[in-house]
Structures are given as structure tokens and as C-alpha cells.
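Next comes final_35.txt, a file with compact mmCIF, C-alpha atoms.
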# COMPACT_ATOMS: atom_id res chain seq x y z
CA MET H 12 104.07 109.48 66.58
CA ILE H 13 101.01 109.11 64.35
CA PRO H 14 102.49 111.07 61.40
CA SER H 15 105.86 109.34 61.83
CA VAL H 16 104.19 105.92 61.60
CA PHE H 17 101.55 106.50 58.94
CA LEU H 18 103.38 109.00 56.71
CA GLY H 19 106.58 108.37 54.79
CA ALA H 20 106.34 104.60 55.20
CA PRO H 21 108.49 102.67 52.71
CA ASP H 22 107.99 99.39 50.94
CA GLY H 23 109.71 96.19 52.04
CA ASP H 24 112.90 96.92 50.09
CA THR H 25 113.65 100.10 52.03
CA ALA H 26 112.13 99.14 55.37
CA LEU H 27 115.49 98.11 56.80
CA THR H 28 116.64 101.73 56.93
CA VAL H 29 113.69 103.37 58.69
CA LEU H 30 112.16 103.44 62.13
CA PRO H 31 110.56 100.40 63.81
CA GLY H 32 107.22 102.26 63.72
CA HIS H 33 107.23 102.14 59.91
CA ARG H 34 108.30 98.54 60.05
CA LEU H 35 105.37 97.58 62.26
CA LEU H 36 103.02 99.58 60.02
CA ILE H 37 103.87 97.63 56.88
CA GLU H 38 103.61 94.43 58.92
CA GLY H 39 100.02 95.33 59.76
CA ALA H 40 100.63 96.56 63.32
CA GLY H 41 100.63 100.33 62.89
CA ALA H 42 97.98 100.80 65.57
CA GLU H 43 100.05 98.80 68.03
CA ALA H 44 103.07 100.97 67.27
CA VAL H 45 101.05 104.10 68.05
CA ARG H 46 99.67 102.53 71.23
CA LEU H 47 103.16 101.58 72.38
CA SER H 48 104.33 105.11 71.71
CA ALA H 49 101.46 106.60 73.72
CA LEU H 50 102.24 104.21 76.59
CA GLY H 51 105.92 105.15 76.56
CA SER H 52 105.13 108.86 76.56
CA ALA H 53 102.57 108.66 79.37
CA GLY H 54 104.82 106.41 81.46
CA SER H 55 107.75 108.74 80.97
CA VAL H 56 105.74 111.64 82.41
CA ILE H 57 105.19 109.65 85.61
CA ALA H 58 108.85 108.58 85.77
CA ALA H 59 110.08 112.11 85.12
CA MET H 60 107.92 113.55 87.90
CA ILE H 61 109.32 110.98 90.33
CA PHE H 62 112.97 111.66 89.47
CA VAL H 63 112.78 115.37 88.67
CA LEU H 64 113.98 116.52 92.10
CA PRO H 65 116.99 114.18 92.55
CA PHE H 66 118.06 114.63 88.92
CA SER H 67 117.80 118.41 89.24
CA LEU H 68 119.95 118.47 92.37
CA PHE H 69 122.51 116.14 90.79
CA PHE H 70 122.88 118.02 87.52
CA LYS H 71 122.96 121.38 89.27
CA ALA H 72 125.93 120.14 91.29
CA VAL H 73 127.87 118.56 88.40
CA TYR H 74 126.97 120.92 85.56
CA PRO H 75 130.00 123.22 86.05
CA TYR H 76 132.24 120.18 85.48
CA ILE H 77 130.15 119.05 82.51
CA GLU H 78 130.34 122.49 80.92
CA ALA H 79 134.11 122.64 81.41
CA HIS H 80 134.50 119.36 79.48
CA MET H 81 131.54 119.72 77.10
CA ALA H 82 133.58 119.29 73.90
CA VAL H 83 135.14 116.05 75.15
CA ILE H 84 131.74 114.69 76.22
CA LEU H 85 130.18 115.47 72.84
CA ILE H 86 133.13 113.96 70.97
CA LEU H 87 132.78 110.75 73.00
CA ILE H 88 129.09 110.59 72.18
CA VAL H 89 129.84 111.04 68.47
CA PHE H 90 132.46 108.29 68.72
CA LEU H 91 129.85 106.03 70.34
CA MET H 92 127.42 106.76 67.49
CA LEU H 93 129.99 105.91 64.84
CA ALA H 94 131.47 102.89 66.63
CA THR H 95 128.08 101.20 67.03
CA GLU H 96 127.08 101.62 63.37
CA LYS H 97 126.89 98.16 61.78
CA GLY H 98 125.05 98.84 58.56
CA GLU H 99 122.32 96.73 57.02
CA ASP H 100 124.48 93.74 56.12
CA SER H 101 126.60 92.60 59.03
CA LYS H 102 127.54 89.33 57.27
CA GLU H 103 129.87 90.88 54.73
CA LYS H 104 133.28 89.24 54.48
CA GLY H 105 136.68 90.84 54.18
CA PRO H 106 139.08 92.70 56.48
CA LEU H 107 137.52 96.11 55.78
CA ALA H 108 133.86 95.05 55.73
CA LYS H 109 133.18 95.96 59.36
CA TYR H 110 134.54 99.47 58.79
CA LYS H 111 132.48 100.17 55.67
CA TYR H 112 129.34 101.46 57.37
CA LYS H 113 131.30 103.26 60.07
CA ALA H 114 133.05 105.15 57.26
CA PHE H 115 129.69 105.92 55.64
CA ALA H 116 128.38 107.18 58.99
CA LEU H 117 131.43 109.41 59.42
CA ILE H 118 130.99 110.81 55.90
CA LEU H 119 127.33 111.60 56.59
CA PHE H 120 128.24 113.22 59.92
CA LEU H 121 130.91 115.42 58.30
CA ILE H 122 128.74 116.40 55.31
CA THR H 123 125.87 117.47 57.53
CA GLY H 124 128.32 119.15 59.91
CA VAL H 125 129.75 121.28 57.11
CA LEU H 126 126.20 122.07 56.01
CA GLY H 127 125.43 123.21 59.56
CA LEU H 128 128.53 125.41 59.71
CA PHE H 129 127.58 126.99 56.39
CA ALA H 130 123.96 127.59 57.39
CA PHE H 131 124.56 128.92 60.93
CA ALA H 132 127.20 131.37 59.68
CA ARG H 133 124.64 132.85 57.26
CA GLU H 134 121.51 132.73 59.42
CA SER H 135 121.13 136.50 59.01
CA PHE H 136 120.49 135.99 55.29
CA MET H 137 116.97 134.73 56.04
CA VAL H 138 114.22 137.21 55.22
CA PRO H 139 110.88 135.55 56.05
CA ILE H 140 107.76 136.30 54.00
CA VAL H 141 105.58 135.82 57.09
CA ASN H 142 107.24 137.11 60.24
CA PHE H 143 106.41 135.48 63.58
CA GLY H 144 109.57 136.53 65.34
CA GLU H 145 113.22 135.74 64.76
CA PRO H 146 113.46 132.98 62.11
CA SER H 147 115.56 129.92 62.92
CA ILE H 148 117.82 128.19 60.42
CA LEU H 149 116.96 124.91 62.17
CA LEU H 150 113.57 124.87 60.46
CA PRO H 151 114.87 124.38 56.89
CA LEU H 152 117.83 122.28 58.06
CA LEU H 153 115.88 119.72 60.08
CA SER H 154 112.85 119.77 57.75
CA GLY H 155 115.10 118.84 54.85
CA LEU H 156 117.34 116.33 56.60
CA PHE H 157 114.66 114.46 58.51
CA GLY H 158 111.30 115.37 56.94
CA SER H 159 111.22 115.86 53.20
CA SER H 160 114.02 113.34 52.61
CA GLN H 161 111.94 110.46 53.99
CA LEU H 162 108.82 111.65 52.17
CA ILE H 163 110.67 111.64 48.85
CA ILE H 164 112.01 108.14 49.50
CA SER H 165 108.44 107.04 50.16
CA LEU H 166 107.32 108.61 46.87
CA LEU H 167 110.10 106.79 45.02
CA THR H 168 108.87 103.45 46.31
CA SER H 169 105.54 101.64 46.06
CA SER H 170 104.23 102.35 49.54
CA ASN H 171 100.84 101.13 50.69
CA ILE H 172 98.87 101.19 53.92
CA PRO H 173 98.04 97.55 54.88
CA GLU H 174 94.40 96.53 55.10
CA GLU H 175 94.80 95.50 58.75
CA SER H 176 96.25 97.31 61.75
CA VAL H 177 96.75 95.19 64.87
CA SER H 178 96.33 97.17 68.09
CA ALA H 179 96.65 94.51 70.82
CA LEU H 180 99.68 94.90 73.09
CA LYS H 181 101.82 91.78 73.10
CA LEU H 182 104.77 92.83 75.18
CA SER H 183 105.83 91.76 78.66
CA ARG H 184 105.47 94.14 81.60
CA LYS H 185 109.21 93.85 82.21
CA ARG H 186 110.02 95.17 78.73
CA ILE H 187 107.40 97.92 79.00
CA LEU H 188 108.83 99.09 82.34
CA ARG H 189 112.42 98.89 81.06
CA GLY H 190 111.50 100.86 77.94
CA ILE H 191 109.89 103.61 80.01
CA LEU H 192 112.77 103.85 82.49
CA THR H 193 115.59 103.77 79.92
CA GLY H 194 113.80 106.28 77.71
CA SER H 195 113.16 108.61 80.62
CA ALA H 196 116.76 108.39 81.83
CA ALA H 197 118.27 108.96 78.36
CA GLY H 198 115.89 111.83 77.62
CA SER H 199 116.75 113.52 80.90
CA LEU H 200 120.48 113.23 80.11
CA VAL H 201 120.13 114.77 76.64
CA ALA H 202 118.16 117.71 78.04
CA TRP H 203 121.26 119.03 79.80
CA LEU H 204 123.68 118.77 76.86
CA PRO H 205 123.66 121.05 73.79
CA GLY H 206 123.45 119.70 70.27
CA LEU H 207 122.08 116.29 71.23
CA SER H 208 118.76 115.12 69.82
CA SER H 209 116.24 112.59 71.02
CA ALA H 210 117.47 110.30 68.24
CA ILE H 211 120.88 110.14 69.92
CA ALA H 212 119.29 109.44 73.28
CA ALA H 213 117.27 106.71 71.57
CA LEU H 214 120.55 105.21 70.36
CA ILE H 215 121.63 104.92 73.99
CA THR H 216 118.42 103.10 74.91
CA GLY H 217 118.98 100.78 71.96
CA LEU H 218 122.40 99.86 73.29
CA ILE H 219 120.86 99.05 76.66
CA ALA H 220 118.44 96.63 75.00
CA LYS H 221 121.39 95.19 72.99
CA VAL H 222 119.61 95.28 69.65
CA ASP H 223 120.31 97.29 66.52
CA PHE H 224 116.79 98.64 66.17
CA ASP H 225 117.41 100.35 62.85
CA ARG H 226 117.47 97.03 61.07
CA ILE H 227 114.83 94.54 62.20
CA PRO H 228 113.99 92.06 59.44
CA LEU H 229 110.55 91.62 57.97
CA ARG H 230 109.12 88.24 57.20
CA LYS H 231 106.41 87.76 54.60
CA LYS H 232 103.74 85.15 54.85
CA VAL H 233 101.12 83.78 52.48
CA PRO H 234 97.61 85.18 53.11
CA GLU H 235 94.93 82.92 54.50
CA PRO H 236 92.32 81.65 52.03
CA GLY H 237 89.62 84.24 51.43
CA LYS H 238 91.58 86.96 53.15
CA LEU H 239 91.80 90.32 51.37
CA LYS H 240 95.15 90.70 49.63
CA SER H 241 97.36 93.53 50.91
CA SER H 242 100.68 94.98 49.83
CA LEU H 243 102.72 92.92 52.29
CA TYR H 244 101.86 89.58 53.87
CA SER H 245 103.76 89.66 57.11
CA ASP H 246 102.92 88.68 60.63
CA PRO H 247 103.87 91.25 63.26
CA TYR H 248 104.38 88.37 65.68
CA ALA H 249 106.18 86.02 63.28
CA GLY H 250 109.94 85.61 62.95
CA ASN H 251 112.26 86.11 65.86
CA PRO H 252 110.13 86.93 68.96
CA GLU H 253 113.10 88.52 70.73
CA THR H 254 113.74 90.84 67.79
CA LEU H 255 110.08 91.86 67.51
CA GLU H 256 109.78 92.52 71.24
CA SER H 257 112.96 94.58 71.15
CA SER H 258 111.52 96.65 68.31
CA LYS H 259 108.41 97.36 70.34
CA GLU H 260 110.44 98.16 73.45
CA PHE H 261 112.42 100.64 71.40
CA ILE H 262 109.22 102.44 70.35
CA ILE H 263 108.27 102.79 74.03
CA SER H 264 111.71 104.03 75.05
CA ASN H 265 111.95 106.41 72.08
CA SER H 266 108.64 108.05 72.99
CA GLY H 267 109.81 108.19 76.59
CA VAL H 268 112.96 109.94 75.40
CA ASN H 269 110.99 112.66 73.62
CA THR H 270 108.67 113.30 76.57
CA SER H 271 111.40 113.17 79.21
CA ASN H 272 113.56 115.46 77.09
CA ALA H 273 110.74 118.02 76.97
CA ILE H 274 110.18 117.88 80.74
CA PHE H 275 113.84 118.03 81.72
CA GLY H 276 114.43 120.70 79.08
CA LEU H 277 112.14 122.84 81.22
CA VAL H 278 114.02 121.79 84.36
CA ALA H 279 117.37 122.67 82.75
CA PHE H 280 115.94 126.04 81.79
CA VAL H 281 115.08 126.68 85.45
CA VAL H 282 118.19 125.17 87.06
CA ILE H 283 121.01 126.37 84.78
CA GLY H 284 119.19 129.04 82.75
CA ARG H 285 120.01 127.41 79.40
CA THR H 286 117.64 126.42 76.59
CA ARG H 287 118.24 123.01 75.00
CA SER H 288 115.28 122.81 72.61
CA GLY H 289 113.26 124.94 70.24
CA ALA H 290 110.28 124.73 72.58
CA MET H 291 112.27 126.21 75.46
CA VAL H 292 113.62 128.96 73.20
CA ALA H 293 109.99 129.85 72.43
CA VAL H 294 109.15 129.82 76.16
CA GLU H 295 112.09 132.12 76.86
CA ASP H 296 110.99 134.51 74.08
CA ILE H 297 107.40 134.58 75.37
CA LEU H 298 108.40 135.12 79.01
CA GLY H 299 111.18 137.56 78.14
CA THR H 300 113.39 136.01 80.84
CA ASN H 301 115.40 132.89 81.52
CA THR H 302 114.07 132.40 85.04
CA LEU H 303 110.87 130.81 86.37
CA ASP H 304 109.51 130.93 89.90
CA LEU H 305 108.20 127.83 91.69
CA SER H 306 104.52 128.59 91.02
CA ALA H 307 105.11 128.95 87.28
CA LEU H 308 107.11 125.70 87.24
CA MET H 309 104.30 123.84 89.03
CA LEU H 310 101.84 125.25 86.51
CA PHE H 311 103.96 123.91 83.66
CA PHE H 312 104.17 120.48 85.31
CA ALA H 313 100.39 120.37 85.87
CA ALA H 314 99.81 121.22 82.21
CA MET H 315 102.21 118.44 81.16
CA VAL H 316 100.45 115.83 83.29
CA LEU H 317 96.98 116.80 82.03
CA THR H 318 98.22 116.88 78.44
CA ALA H 319 99.81 113.44 78.84
CA LEU H 320 96.54 112.01 80.18
CA PHE H 321 94.47 113.44 77.34
CA SER H 322 97.07 112.61 74.72
CA TYR H 323 97.27 108.95 75.71
CA PHE H 324 93.60 108.21 75.10
CA SER H 325 93.28 110.43 72.03
CA THR H 326 96.45 108.99 70.46
CA VAL H 327 95.32 105.40 71.00
CA TRP H 328 91.92 106.15 69.47
CA ILE H 329 93.39 107.92 66.44
CA GLY H 330 95.97 105.17 65.99
CA ASN H 331 93.25 102.52 65.95
CA ASN H 332 91.33 104.35 63.23
CA ALA H 333 93.96 106.19 61.18
CA HIS H 334 94.56 103.30 58.76
CA LEU H 335 90.81 103.13 57.98
CA ILE H 336 90.94 106.70 56.70
CA LEU H 337 94.37 106.63 55.09
CA LYS H 338 93.75 103.45 53.10
CA LYS H 339 90.93 105.27 51.29
CA LEU H 340 93.34 107.99 50.18
CA ASP H 341 96.01 107.94 47.51
CA TYR H 342 99.08 107.44 49.70
CA SER H 343 101.50 108.94 47.18
CA LYS H 344 99.36 112.05 46.77
CA LEU H 345 99.09 112.37 50.55
CA CYS H 346 102.89 112.26 50.97
CA ALA H 347 103.30 114.68 48.06
CA GLY H 348 100.83 117.08 49.67
CA VAL H 349 102.70 116.97 52.98
CA LEU H 350 105.98 117.55 51.14
CA ILE H 351 104.59 120.58 49.28
CA GLY H 352 103.12 121.95 52.51
CA LEU H 353 106.49 121.56 54.23
CA ALA H 354 108.27 123.40 51.40
CA VAL H 355 105.73 126.25 51.46
CA MET H 356 106.02 126.58 55.23
CA VAL H 357 109.82 126.77 55.03
CA TYR H 358 109.64 129.44 52.31
CA LEU H 359 107.10 131.56 54.19
CA PHE H 360 108.86 131.43 57.56
CA THR H 361 112.53 131.57 56.44
CA GLY H 362 112.46 133.21 53.02
CA LEU H 363 114.46 132.40 49.89
CA PHE H 364 117.71 131.57 51.69
CA GLY H 365 115.91 129.24 54.08
CA PHE H 366 114.25 127.53 51.14
CA PHE H 367 117.67 127.13 49.51
CA ILE H 368 118.98 125.42 52.67
CA PHE H 369 115.88 123.20 52.69
CA VAL H 370 116.48 122.16 49.07
CA ILE H 371 120.12 121.18 49.58
CA SER H 372 119.37 119.51 52.94
CA THR H 373 116.83 117.13 51.43
CA PRO H 374 119.15 115.02 49.21
CA ILE H 375 121.76 115.00 51.98
CA GLY H 376 119.14 113.57 54.33
CA MET H 377 118.41 110.83 51.79
CA LEU H 378 122.03 109.66 51.94
CA ALA H 379 121.38 107.77 55.18
CA SER H 380 118.90 105.47 53.45
CA PHE H 381 121.15 104.91 50.42
CA MET H 382 124.17 104.26 52.67
CA ASN H 383 122.11 102.01 54.97
CA VAL H 384 123.21 103.83 58.12
CA ARG H 385 121.29 105.44 60.95
CA LYS H 386 119.74 108.78 60.20
CA SER H 387 120.83 110.04 63.62
CA HIS H 388 124.33 110.59 62.15
CA ALA H 389 122.81 113.54 60.29
CA MET H 390 122.67 115.31 63.66
CA GLY H 391 126.22 116.31 62.76
CA VAL H 392 124.46 119.38 61.38
CA ILE H 393 124.22 120.60 64.99
CA LEU H 394 126.85 118.54 66.79
CA LEU H 395 129.86 119.55 64.70
CA PRO H 396 129.22 123.33 65.05
CA VAL H 397 128.59 122.90 68.79
CA ILE H 398 131.78 120.85 69.28
CA LEU H 399 133.84 123.44 67.41
CA TYR H 400 132.24 126.20 69.48
CA PHE H 401 133.27 124.56 72.77
CA LEU H 402 136.72 123.76 71.45
Starting from the file, lay out its structure as C-alpha cells.
Amino acid sequence: MIPSVFLGAPDGDTALTVLPGHRLLIEGAGAEAVRLSALGSAGSVIAAMIFVLPFSLFFKAVYPYIEAHMAVILILIVFLMLATEKGEDSKEKGPLAKYKYKAFALILFLITGVLGLFAFARESFMVPIVNFGEPSILLPLLSGLFGSSQLIISLLTSSNIPEESVSALKLSRKRILRGILTGSAAGSLVAWLPGLSSAIAALITGLIAKVDFDRIPLRKKVPEPGKLKSSLYSDPYAGNPETLESSKEFIISNSGVNTSNAIFGLVAFVVIGRTRSGAMVAVEDILGTNTLDLSALMLFFAAMVLTALFSYFSTVWIGNNAHLILKKLDYSKLCAGVLIGLAVMVYLFTGLFGFFIFVISTPIGMLASFMNVRKSHAMGVILLPVILYFL
């Protein structure tokens, strides 16, 4: 969460198309965003451990039916993604206005889907410079679509780290609990279905909270007399309180999605013998089998709980102090350095063909920001090939 909040942050003109974490950062509440994320992740570990047994028994019983209708289920989820896309400006007039952004979302989904079909069919073309096992075409694809694209947008805008970073939690216990539970439930669902990302599960949690979290407006304010001038004068608690609280609840649920997805990805690996994430593919390669006994599973769970405990306190501390370090650095040079490092990593681990995929994926990933639609539609890069496979 810390890199996703403090790196690749846009200026106010592009903030409407990025994550709520970036939005809180440029409003001077980056530390609070990190703290909310840590809370959602830690809470999701507790929730997942409580529901792991009943969820495992349920999905083990219904998975044969799910697998038999997997294509239909995935198509319905894609339809839900497209149907709920409203775009940045929902006040446009005209009979076709409400379909404009849905059409943009569909175009992005199809473009990335075709890119995925092209890349997966030629995965054998990758010849890594540094070999750490079988290279995955997902590295250049996802790095370009979701990593370098946002970094370049940040470099094209006048991004700055605000002088202040509010860390106090100002969110009701009801919203915190709902964010944890919805994130955990959505993450557990995604873990059993192929081709679905945490971003899509986060979309489901957003629908539960009834807010379009991709577009939460900023409000500038005039600085107090004698106060150090920063790049944006905005109060993280000004404007519509319901909208701001919903943004913070989304951060909690989104972190819960990621953590729950990781835990139930392990459970799915044990129950149905299928890997649904890169991490579980790595576990399968290391173990050399797709089965785990009970003692090994308990060891994994214990490691997750201890990691969650340590990560909560370390993440909160780093989040409270990250802006103090980053504001002393040249933000553009920092983003450029991360971008170069990402490109070098892709080249070393996937070779020239992987680097080629990375290069063409990057501008495609930037389309979401220029079209003002959710970036989760770019998951067509995996979803379309998977849907066609099951069809």
C-alpha cells in the first residue's frame, strides 16, 4: 500500500481517475490512507481465519457446478464491470451520454483482451537474461498495464508530496467493520475463480457501499495565515463527509480483498488443487506438488498471522514517516527511477520479447486515465483469454 499511495500520485487534474489512496495523499492524508490499509489487511486476516472452515466446505461442495458454468459466471462479472461504469462526468446531457463511458470501458476491455491473447499464445518466445525458473508473460503485461502506465502519467503531470500527512483515523467503527467484512468476503470469492483480480473484487465492495470510489472529488481550500504553502490546499475532512468516509472505507475493504484473496488462494490450492495467483504458482513450484497436508497448512496460517501482526505496526510507522523522506527527494526523479528499474527487471526476467510486451502494454494501460474509466477494465488481458478457454 505504501508504494501505491506515495508513488505515481497525480496532480489535481488527474486525481479523478486514480485510487482513493492517491486522492487522500494529495489532500494531505497519505499517512491515514496507509493506516486504513494496514487496518483493513490485519482485520481481514482475523475475518478470514474465522470463516475459512465454512467457506472451504461450501466452495468444495459447489465448485463442480461453478466450474461447469465458469464462462457464464465470468461473462456476468464482466457485464457487471461494464454496466456500472459511469465515467468522470455523470452530468453529461444527451441520449447517448450515459453509454459513452460504458463504450470506452468495453473498448479498453477488448484491446487488453486481444493483447492478452497475443501475448499468451507467444509466451514461449521469452528468453530471460537472468533465469529464476519458468518466466511468466504476466510480469511484462501487468507491469505495463498497471505499473509503468501510472508512473508515466505522474511524470507528465506536476506531482508533489504535500507538506503535511494526517494520520488520525476519523472513521466510524461501523464503516471500519463493514469494510473489513466486505473486503474479506469479496477476496475469498475471487480466490476460487480464474482470471479475476483483487481490483474486480474491490469493485464488488464498492457497489456494496453504493459509491463510485474511482471518482471522489477534491476540494481546495486557502491556507491558514503563516502556514507553509503546499502544492494543494485541500482538507481531507472537508467537502461531502459521506463521500470522504466512503473513500476511506474503500481503502479498508480493498486491502481486505488483497489479504483475503491471498489466504483463500492457499485454501483453494488445498481444497480443489488449483492455483489462482502468482504466489500460489510459486508455492506449487517450490513444493513440487499441488497438495498440502494439515500440518503444512497450519504452518502457513501461523506465518500469515504473525506477518499480519508485524506488518500492521511497521506499515503504520512507515506511513507516518514516508512523506518526511519523500518530500526531500525530487519526486519526478524518484518515479523515473522506479520506472527504469521496472523496465530493467522486465528485460532481465523475460528477455527481449517480454520487454516488447511491456512497451506496448504501457500506453494501453494509460488509456484508462485518458478515457476516464476504471483501470480494472484492463483486466480483460486475463479475463478474455480465460473466458474463451472455458467456452
Spatial neighbours of region 333-347 of chain H, max dist 6 Å, only C-alpha atoms, sep filter under 3 positions, as a ChimeraX atom specification: /H:166,172,329-330,350
Best match for closeness to Leu153 (chain H) among H:Met81, H:Ile398, H:Ala202, H:Ile371, counting all atoms listed in the file: H:Ile371
Nearest-residue call for Leu192 (chain H), choices H:Leu308, H:Ile57, H:Ile88, H:Val397, using all atoms listed in the file: H:Ile57
Among listed residues H:Ala314, H:Leu182, H:Phe275, H:Ala130, nearest Glu260 (chain H) (using all atoms listed in the file): H:Leu182
H:Ala59, H:Ala42, H:Leu119, H:Ala313 ranked by distance to Ser372 (chain H), top pick (using all atoms listed in the file): H:Leu119
Atom pair CA of Ser147 (chain H) / CA of Ala197 (chain H): separation (Å): 26.2 Å
Which of H:Phe90, H:Val278, H:Phe136, H:Gly352 sits closest to Leu200 (chain H) [using all atoms listed in the file]: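 That would be H:Val278, the residue with the smallest distance to Leu200 (chain H).
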Straight-line distance linking CA of Met382 (chain H) with CA of Leu47 (chain H), stated in Å to one decimal: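 Computing the Euclidean distance for CA of Met382 (chain H) and CA of Leu47 (chain H) yields 28.9 Å.
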Each side padded by 3 Å, which centre and which edge lengths in Å (one decimal) define the axis-aligned box around the listed atoms of region 147-152 of chain H? Give them as JSON.
{"center_x": 115.7, "center_y": 126.1, "center_z": 59.9, "size_x": 10.3, "size_y": 13.6, "size_z": 12.0}
Point-to-point distance from CA of Gly194 (chain H) to CA of Phe115 (chain H), Å rounded to tenths: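 Spanning CA of Gly194 (chain H) to CA of Phe115 (chain H) is a straight-line distance of 27.2 Å.
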Among listed residues H:Gly198, H:Pro65, H:Gly54, H:Gly391, nearest Ala116 (chain H) (using all atoms listed in the file):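 Closest residue, counting all atoms listed in the file: H:Gly391.
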Neighbour residues at most 6 Å from (128.9, 97.3, 58.4) (only C-alpha atoms) as a PyMOL selection string: chain H and resi 97-98+101+109+111-112
